[in-house]
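Heads up, the thing below is written out as structure tokens.
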Amino acid sequence: LMSTKTATTGSPSAPRKASSSNPKVVAARALGLLLPIAVIVLALDQFTKVWAERTLEVGADPIPLIGTFIQLRLIYNPGAALSMGAGMTWVLTLVSLAVVVFITITAKKLTSKAWIVTLGLLLGGALGNLGDRLFRAPGFPQGHVVDLLDYGIFIGNVADIAIVGAAILIAVLSIMNISPTVHAEADSGPAPEGQDADATEADTTEVADLPAEPTPGVDAEINAAAEADTDAEPQA
């Protein structure tokens with residue numbers, strides 16, 4: 001019984017490694033972490049924009065949020081950061097669409113949690129500003145993005161924070177040479193062929209070499225029978 005248990009304990013490692021390299025399993029794990037992050041970023045971005053439109057007024061004096069370092073000011077930005085590309089809103093819309101499509105395709109192959117979180121932030125930020133360009137005035141696909149956080153040199157929103165944070169993380173991960181598709185199990189590599197079988201055979205041999213444990217009841221019966229045979233021999 002002990003040898004059978006020992007033989008079965010090493011075998012599940014192979015199916016686990018196989019499942020971790022299954023493309024469907026990899027995609028499910030990646031999207032299971034990436035999509036919630038993107039949804040949270042998107043929800044926060046849209047909530048703050050709706051709040052800003054209901055609370056703030058365009059052209060009004062800014063409201064201090066963190067002193068004068070970050071203030072609340074409502075503007076509608078037709079361009080990108082620092083109001084660049086104000087006359088190319090439709091180009092920015094296409095770029096945002098391309099980013100969303102790229103992340104959606106790439107995410108299915110990701111195995112690094114750091115990269116999954118990074119692209120989740122990037123996807124949420126891209127969707128936040130893309131929604132403004134698609135559905136806000138003056139109309140599809142040239143809508144203006146709602147900006148409300150005044151940093152002094154530019155005005156942004158929650159989506160911009162997520163995008164900038166993702167850009168910083170991408171730079172850090174690239175400098176640290178962290179691959180987006182290398183799984184932790186891949187570092188150790190697959191076990192050499194026959195290794196599991198050799199380990200199982202060795203365990204079985206060790207168990208077989210162990211001394212038998214004493215069984216008081218059975219030993220007493222054997223000893224009694226032996227004594228009876230010894231006593232019976234002179235009579236014969």
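FYI, nothing fancy with the structure tokens labels: chains A, B, ... in order, residues from 1 per chain, ligands from 1 as they appear.
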Range 140-144 of chain A environment, 10 Å, only C-alpha atoms, sequence neighbours closer than 3 positions dropped, as a PyMOL selection string:
chain A and resi 75-80+86-94+129-137+147
Quick one: residues within 12 Å of range 151-155 of chain A, only C-alpha atoms counted, chain neighbours fewer than 2 positions away excluded, as a PDB file with N, CA and C atoms, in the first residue's frame?
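The file below, out01.pdb, is the result:
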ATOM      1  N   PRO A  62     -10.258  76.981 -10.926  1.00  0.00           N
ATOM      2  CA  PRO A  62      -9.973  75.618 -10.464  1.00  0.00           C
ATOM      3  C   PRO A  62     -10.206  75.472  -8.967  1.00  0.00           C
ATOM      4  N   ILE A  63     -10.562  74.256  -8.576  1.00  0.00           N
ATOM      5  CA  ILE A  63     -10.798  73.931  -7.171  1.00  0.00           C
ATOM      6  C   ILE A  63      -9.607  73.123  -6.680  1.00  0.00           C
ATOM      7  N   PRO A  64      -8.896  73.586  -5.631  1.00  0.00           N
ATOM      8  CA  PRO A  64      -7.736  72.843  -5.134  1.00  0.00           C
ATOM      9  C   PRO A  64      -8.135  71.445  -4.665  1.00  0.00           C
ATOM     10  N   LEU A  65      -7.388  70.459  -5.087  1.00  0.00           N
ATOM     11  CA  LEU A  65      -7.593  69.082  -4.644  1.00  0.00           C
ATOM     12  C   LEU A  65      -6.462  68.673  -3.712  1.00  0.00           C
ATOM     13  N   ILE A  66      -5.211  68.847  -4.172  1.00  0.00           N
ATOM     14  CA  ILE A  66      -4.034  68.684  -3.321  1.00  0.00           C
ATOM     15  C   ILE A  66      -3.266  70.000  -3.425  1.00  0.00           C
ATOM     16  N   GLY A  67      -3.730  70.982  -2.673  1.00  0.00           N
ATOM     17  CA  GLY A  67      -3.152  72.326  -2.768  1.00  0.00           C
ATOM     18  C   GLY A  67      -3.304  72.851  -4.182  1.00  0.00           C
ATOM     19  N   THR A  68      -2.248  73.478  -4.654  1.00  0.00           N
ATOM     20  CA  THR A  68      -2.234  73.942  -6.044  1.00  0.00           C
ATOM     21  C   THR A  68      -1.486  72.972  -6.954  1.00  0.00           C
ATOM     22  N   PHE A  69      -0.995  71.865  -6.362  1.00  0.00           N
ATOM     23  CA  PHE A  69      -0.271  70.877  -7.155  1.00  0.00           C
ATOM     24  C   PHE A  69      -1.224  70.138  -8.090  1.00  0.00           C
ATOM     25  N   ILE A  70      -2.389  69.730  -7.574  1.00  0.00           N
ATOM     26  CA  ILE A  70      -3.430  69.111  -8.390  1.00  0.00           C
ATOM     27  C   ILE A  70      -4.745  69.820  -8.071  1.00  0.00           C
ATOM     28  N   GLN A  71      -5.366  70.355  -9.106  1.00  0.00           N
ATOM     29  CA  GLN A  71      -6.631  71.061  -8.944  1.00  0.00           C
ATOM     30  C   GLN A  71      -7.684  70.459  -9.870  1.00  0.00           C
ATOM     31  N   LEU A  72      -8.926  70.770  -9.580  1.00  0.00           N
ATOM     32  CA  LEU A  72     -10.034  70.287 -10.405  1.00  0.00           C
ATOM     33  C   LEU A  72     -10.456  71.386 -11.374  1.00  0.00           C
ATOM     34  N   ARG A  73     -10.396  71.067 -12.653  1.00  0.00           N
ATOM     35  CA  ARG A  73     -10.779  72.025 -13.699  1.00  0.00           C
ATOM     36  C   ARG A  73     -11.362  71.235 -14.861  1.00  0.00           C
ATOM     37  N   LEU A  74     -12.523  71.620 -15.329  1.00  0.00           N
ATOM     38  CA  LEU A  74     -13.202  70.892 -16.404  1.00  0.00           C
ATOM     39  C   LEU A  74     -12.888  71.513 -17.758  1.00  0.00           C
ATOM     40  N   ILE A  75     -12.377  70.678 -18.666  1.00  0.00           N
ATOM     41  CA  ILE A  75     -12.204  71.085 -20.054  1.00  0.00           C
ATOM     42  C   ILE A  75     -12.580  69.903 -20.944  1.00  0.00           C
ATOM     43  N   TYR A  76     -12.822  70.205 -22.228  1.00  0.00           N
ATOM     44  CA  TYR A  76     -13.083  69.162 -23.224  1.00  0.00           C
ATOM     45  C   TYR A  76     -11.936  69.199 -24.226  1.00  0.00           C
ATOM     46  N   ASN A  77     -11.152  68.130 -24.228  1.00  0.00           N
ATOM     47  CA  ASN A  77      -9.911  68.091 -24.986  1.00  0.00           C
ATOM     48  C   ASN A  77     -10.116  67.343 -26.303  1.00  0.00           C
ATOM     49  N   GLY A  79      -7.741  66.757 -28.441  1.00  0.00           N
ATOM     50  CA  GLY A  79      -6.495  66.122 -28.827  1.00  0.00           C
ATOM     51  C   GLY A  79      -6.018  65.099 -27.815  1.00  0.00           C
ATOM     52  N   ALA A  80      -4.697  64.978 -27.756  1.00  0.00           N
ATOM     53  CA  ALA A  80      -4.077  64.044 -26.828  1.00  0.00           C
ATOM     54  C   ALA A  80      -3.556  64.816 -25.626  1.00  0.00           C
ATOM     55  N   ALA A  81      -2.570  64.237 -24.931  1.00  0.00           N
ATOM     56  CA  ALA A  81      -1.980  64.908 -23.778  1.00  0.00           C
ATOM     57  C   ALA A  81      -1.383  66.246 -24.195  1.00  0.00           C
ATOM     58  N   LEU A  82      -1.458  67.241 -23.301  1.00  0.00           N
ATOM     59  CA  LEU A  82      -0.982  68.601 -23.554  1.00  0.00           C
ATOM     60  C   LEU A  82      -1.704  69.244 -24.732  1.00  0.00           C
ATOM     61  N   SER A  83      -2.913  68.698 -25.019  1.00  0.00           N
ATOM     62  CA  SER A  83      -3.760  69.233 -26.106  1.00  0.00           C
ATOM     63  C   SER A  83      -3.074  69.140 -27.465  1.00  0.00           C
ATOM     64  N   MET A  84      -2.123  68.232 -27.610  1.00  0.00           N
ATOM     65  CA  MET A  84      -1.473  68.043 -28.902  1.00  0.00           C
ATOM     66  C   MET A  84      -2.396  67.269 -29.843  1.00  0.00           C
ATOM     67  N   VAL A 145     -12.467  64.546 -25.313  1.00  0.00           N
ATOM     68  CA  VAL A 145     -12.222  63.822 -24.063  1.00  0.00           C
ATOM     69  C   VAL A 145     -12.423  64.756 -22.875  1.00  0.00           C
ATOM     70  N   VAL A 146     -13.101  64.258 -21.845  1.00  0.00           N
ATOM     71  CA  VAL A 146     -13.325  65.031 -20.628  1.00  0.00           C
ATOM     72  C   VAL A 146     -12.070  64.958 -19.762  1.00  0.00           C
ATOM     73  N   ASP A 147     -11.458  66.117 -19.496  1.00  0.00           N
ATOM     74  CA  ASP A 147     -10.306  66.209 -18.599  1.00  0.00           C
ATOM     75  C   ASP A 147     -10.692  67.030 -17.379  1.00  0.00           C
ATOM     76  N   LEU A 148     -10.195  66.637 -16.211  1.00  0.00           N
ATOM     77  CA  LEU A 148     -10.614  67.307 -14.974  1.00  0.00           C
ATOM     78  C   LEU A 148      -9.518  67.485 -13.943  1.00  0.00           C
ATOM     79  N   LEU A 149      -8.368  66.841 -14.120  1.00  0.00           N
ATOM     80  CA  LEU A 149      -7.278  66.940 -13.152  1.00  0.00           C
ATOM     81  C   LEU A 149      -6.211  67.881 -13.701  1.00  0.00           C
ATOM     82  N   ASN A 157      -7.063  63.027 -16.878  1.00  0.00           N
ATOM     83  CA  ASN A 157      -8.160  62.311 -16.229  1.00  0.00           C
ATOM     84  C   ASN A 157      -7.634  60.980 -15.686  1.00  0.00           C
ATOM     85  N   VAL A 158      -8.531  60.170 -15.156  1.00  0.00           N
ATOM     86  CA  VAL A 158      -8.130  58.890 -14.575  1.00  0.00           C
ATOM     87  C   VAL A 158      -7.559  57.963 -15.650  1.00  0.00           C
ATOM     88  N   ALA A 159      -8.139  57.984 -16.838  1.00  0.00           N
ATOM     89  CA  ALA A 159      -7.630  57.142 -17.926  1.00  0.00           C
ATOM     90  C   ALA A 159      -6.182  57.484 -18.245  1.00  0.00           C
ATOM     91  N   ASP A 160      -5.860  58.791 -18.228  1.00  0.00           N
ATOM     92  CA  ASP A 160      -4.481  59.208 -18.496  1.00  0.00           C
ATOM     93  C   ASP A 160      -3.526  58.686 -17.417  1.00  0.00           C
ATOM     94  N   ILE A 161      -3.984  58.692 -16.159  1.00  0.00           N
ATOM     95  CA  ILE A 161      -3.152  58.178 -15.070  1.00  0.00           C
ATOM     96  C   ILE A 161      -2.825  56.701 -15.312  1.00  0.00           C
TER      97      ILE A 161
END
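Residues surrounding Lys108 in chain A within 10 Å are Pro23, Lys24, Val25, Val26, Ala27, Ala28, Arg29, Ala30, Leu31, Leu34, Ile103, Thr104, Ile105, Thr111, Ile116 and Thr181 of chain A [only C-alpha atoms; sequence separation below 3 positions excluded].
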Next, dump the selected residues to file, keeping only N, CA, C and O atoms, as a PDB file, in the first residue's frame.
ATOM      1  N   PRO A  23      -3.039  26.564 -24.453  1.00  0.00           N
ATOM      2  CA  PRO A  23      -3.375  27.944 -24.841  1.00  0.00           C
ATOM      3  C   PRO A  23      -4.689  28.432 -24.247  1.00  0.00           C
ATOM      4  O   PRO A  23      -4.812  29.608 -23.879  1.00  0.00           O
ATOM      5  N   LYS A  24      -5.689  27.557 -24.138  1.00  0.00           N
ATOM      6  CA  LYS A  24      -6.970  27.971 -23.581  1.00  0.00           C
ATOM      7  C   LYS A  24      -6.850  28.297 -22.095  1.00  0.00           C
ATOM      8  O   LYS A  24      -7.462  29.253 -21.609  1.00  0.00           O
ATOM      9  N   VAL A  25      -6.056  27.501 -21.384  1.00  0.00           N
ATOM     10  CA  VAL A  25      -5.852  27.748 -19.953  1.00  0.00           C
ATOM     11  C   VAL A  25      -5.078  29.044 -19.752  1.00  0.00           C
ATOM     12  O   VAL A  25      -5.415  29.862 -18.896  1.00  0.00           O
ATOM     13  N   VAL A  26      -4.031  29.260 -20.559  1.00  0.00           N
ATOM     14  CA  VAL A  26      -3.240  30.484 -20.472  1.00  0.00           C
ATOM     15  C   VAL A  26      -4.108  31.703 -20.745  1.00  0.00           C
ATOM     16  O   VAL A  26      -4.052  32.706 -20.028  1.00  0.00           O
ATOM     17  N   ALA A  27      -4.937  31.635 -21.789  1.00  0.00           N
ATOM     18  CA  ALA A  27      -5.807  32.755 -22.139  1.00  0.00           C
ATOM     19  C   ALA A  27      -6.821  33.038 -21.031  1.00  0.00           C
ATOM     20  O   ALA A  27      -7.083  34.195 -20.685  1.00  0.00           O
ATOM     21  N   ALA A  28      -7.386  31.976 -20.465  1.00  0.00           N
ATOM     22  CA  ALA A  28      -8.387  32.158 -19.405  1.00  0.00           C
ATOM     23  C   ALA A  28      -7.776  32.813 -18.175  1.00  0.00           C
ATOM     24  O   ALA A  28      -8.367  33.709 -17.566  1.00  0.00           O
ATOM     25  N   ARG A  29      -6.578  32.365 -17.791  1.00  0.00           N
ATOM     26  CA  ARG A  29      -5.910  32.950 -16.629  1.00  0.00           C
ATOM     27  C   ARG A  29      -5.552  34.405 -16.866  1.00  0.00           C
ATOM     28  O   ARG A  29      -5.725  35.254 -15.999  1.00  0.00           O
ATOM     29  N   ALA A  30      -5.025  34.707 -18.052  1.00  0.00           N
ATOM     30  CA  ALA A  30      -4.611  36.077 -18.354  1.00  0.00           C
ATOM     31  C   ALA A  30      -5.812  37.018 -18.381  1.00  0.00           C
ATOM     32  O   ALA A  30      -5.798  38.077 -17.743  1.00  0.00           O
ATOM     33  N   LEU A  31      -6.851  36.620 -19.113  1.00  0.00           N
ATOM     34  CA  LEU A  31      -8.038  37.477 -19.212  1.00  0.00           C
ATOM     35  C   LEU A  31      -8.766  37.574 -17.877  1.00  0.00           C
ATOM     36  O   LEU A  31      -9.397  38.594 -17.585  1.00  0.00           O
ATOM     37  N   LEU A  34      -6.643  40.356 -16.294  1.00  0.00           N
ATOM     38  CA  LEU A  34      -6.545  41.595 -17.072  1.00  0.00           C
ATOM     39  C   LEU A  34      -7.879  42.323 -17.184  1.00  0.00           C
ATOM     40  O   LEU A  34      -7.952  43.547 -16.980  1.00  0.00           O
ATOM     41  N   ILE A 103      -3.976  44.782 -27.539  1.00  0.00           N
ATOM     42  CA  ILE A 103      -3.954  44.247 -26.171  1.00  0.00           C
ATOM     43  C   ILE A 103      -4.843  43.020 -26.062  1.00  0.00           C
ATOM     44  O   ILE A 103      -4.484  42.023 -25.421  1.00  0.00           O
ATOM     45  N   THR A 104      -6.010  43.067 -26.687  1.00  0.00           N
ATOM     46  CA  THR A 104      -6.937  41.939 -26.619  1.00  0.00           C
ATOM     47  C   THR A 104      -6.329  40.671 -27.208  1.00  0.00           C
ATOM     48  O   THR A 104      -6.483  39.576 -26.661  1.00  0.00           O
ATOM     49  N   ILE A 105      -5.603  40.827 -28.313  1.00  0.00           N
ATOM     50  CA  ILE A 105      -4.972  39.670 -28.954  1.00  0.00           C
ATOM     51  C   ILE A 105      -3.764  39.191 -28.147  1.00  0.00           C
ATOM     52  O   ILE A 105      -3.579  37.998 -27.912  1.00  0.00           O
ATOM     53  N   THR A 111       1.714  35.248 -19.739  1.00  0.00           N
ATOM     54  CA  THR A 111       1.833  34.388 -18.562  1.00  0.00           C
ATOM     55  C   THR A 111       2.458  35.127 -17.384  1.00  0.00           C
ATOM     56  O   THR A 111       2.448  34.625 -16.271  1.00  0.00           O
ATOM     57  N   ILE A 116       0.463  41.283 -17.287  1.00  0.00           N
ATOM     58  CA  ILE A 116      -1.004  41.249 -17.344  1.00  0.00           C
ATOM     59  C   ILE A 116      -1.590  42.475 -16.655  1.00  0.00           C
ATOM     60  O   ILE A 116      -2.502  43.128 -17.177  1.00  0.00           O
ATOM     61  N   THR A 181       5.771  36.406 -21.725  1.00  0.00           N
ATOM     62  CA  THR A 181       5.246  35.071 -22.008  1.00  0.00           C
ATOM     63  C   THR A 181       6.055  33.955 -21.367  1.00  0.00           C
ATOM     64  O   THR A 181       5.959  32.817 -21.779  1.00  0.00           O
TER      65      THR A 181
END
Tell me, in Å to one decimal, how far CA of Ala167 in chain A is from CA of Trp115 in chain A.
11.2 Å
If you measure from CA of Val99 in chain A to CA of Pro36 in chain A, what distance in Å do you get, rounded to one decimal?
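About the pair CA of Val99 in chain A and CA of Pro36 in chain A: they are 17.7 Å apart.
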Distance in Å - CA of Asn177 in chain A versus CA of Ser96 in chain A:
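These atoms are spaced 26.5 Å apart.
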